[in-house]
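I have placed the structure first, in the form of structure tokens, so that the comments after it can refer back to it.
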Amino acid sequence: MAKVGFEQSKEPIQVGAALLEGGSITISFNEKKSSPAAKQNGYMFENSLHAELKLFAHRNTPANKATVYVYRALKDGTLAIARPCTDCMTLIKCWGVKRVVYTIQDGWQKEKI
Ligand SMILES: [Zn+2]
């Protein structure tokens with residue numbers, strides 16, 4: 001699912017993210033623009049909207065049982081490290097998410113947070 005978001009990104013470095021919670025899925029991708037969500041969350045990168053941040057843009061309830069997936073690949077299709085940055089990790093934690101799964105060079109990495 002995170003790959004679907006990745007494919008929609010128009011950025012030189014494409015990143016896709018997905019929030020899986022029970023049967024519902026939210027998909028997002030990174031963009032280079034400022035957003036009200038970034039300002040509202042006191043987000044450091046106001047001009048670059050990370051895919052993970054966008055997952056929570058329209059949310060108002062905790063995501064305690066959710067898992068966040070982040071996908072990134074290079075132009076040649078090889079997977080690349082997509083561990084959320086410190087700001088995104090903090091945000092993900094604030095929303096109550098306990099598990100993050102992201103691409104690394106040779107597959108997927110799971111992390112409990
Ligand atoms: Zn980030």
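Every chain in the structure tokens takes a letter, A first, then B, and so on in the order presented; its residues are numbered from 1, and the ligands are numbered from 1 following the presented order.
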Within 8 Å of ligand 1 (only C-alpha atoms and all ligand atoms), residues as a PyMOL selection string:
chain A and resi 49-53+84-89
Pick out the residues sitting within 6 Å of A:Lys3, and hand them over as a PyMOL selection string; count only C-alpha atoms, and ignore anything fewer than 3 positions along from it in its own chain.
chain A and resi 6+16+71
In chain A, DSSP helix (DSSP H, G or I) residues written as a PyMOL selection string:
chain A and resi 2-8+36-40+51-55+86-94
Give me every strand (DSSP E or B) residue in stretch 25-113 of chain A, going by DSSP on the backbone, as a ChimeraX atom specification.
/A:25-29,31,49,67-73,79,99-104,107-112
Keeping C-alpha atoms for every residue in the selection just given, could you write it to a file as a short mmCIF file (atom, residue, chain, number, x, y, z; two decimals), in the first residue's frame?
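File written: out_39.cif
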```cif
data_model
loop_
_atom_site.label_atom_id
_atom_site.label_comp_id
_atom_site.auth_asym_id
_atom_site.auth_seq_id
_atom_site.Cartn_x
_atom_site.Cartn_y
_atom_site.Cartn_z
CA ILE A 25 -6.00 2.13 5.02
CA THR A 26 -4.79 5.69 4.56
CA ILE A 27 -2.25 6.26 1.79
CA SER A 28 -0.04 9.29 1.25
CA PHE A 29 3.11 10.47 -0.49
CA GLU A 31 5.23 16.66 -1.63
CA LEU A 49 5.64 17.64 3.35
CA THR A 67 0.93 0.29 11.77
CA VAL A 68 2.69 2.83 9.58
CA TYR A 69 4.42 1.56 6.43
CA VAL A 70 6.91 3.68 4.51
CA TYR A 71 8.19 2.79 1.05
CA ARG A 72 11.03 4.28 -0.93
CA ALA A 73 12.89 3.04 -3.98
CA LEU A 79 14.59 -0.42 -2.42
CA ARG A 99 4.84 -0.19 14.99
CA VAL A 100 6.59 1.21 11.93
CA VAL A 101 7.61 -0.89 8.92
CA TYR A 102 9.85 0.67 6.30
CA THR A 103 11.97 -0.32 3.34
CA ILE A 104 15.70 -0.81 3.66
CA GLY A 107 13.77 -5.61 2.17
CA TRP A 108 11.61 -4.39 5.02
CA GLN A 109 12.54 -3.42 8.55
CA LYS A 110 10.05 -3.58 11.44
CA GLU A 111 10.46 -1.34 14.41
CA LYS A 112 8.53 -1.05 17.65
#
```
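Across the model, the gap from atom CA of A:Ala18 to atom CA of A:Ala2 is 4.7 Å.
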Could you check which of A:Ala80, A:Ile113, A:Leu74, A:Ile13 is closest to A:Lys93, using only C-alpha atoms?
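Result for the nearest residue to A:Lys93: A:Ile113.
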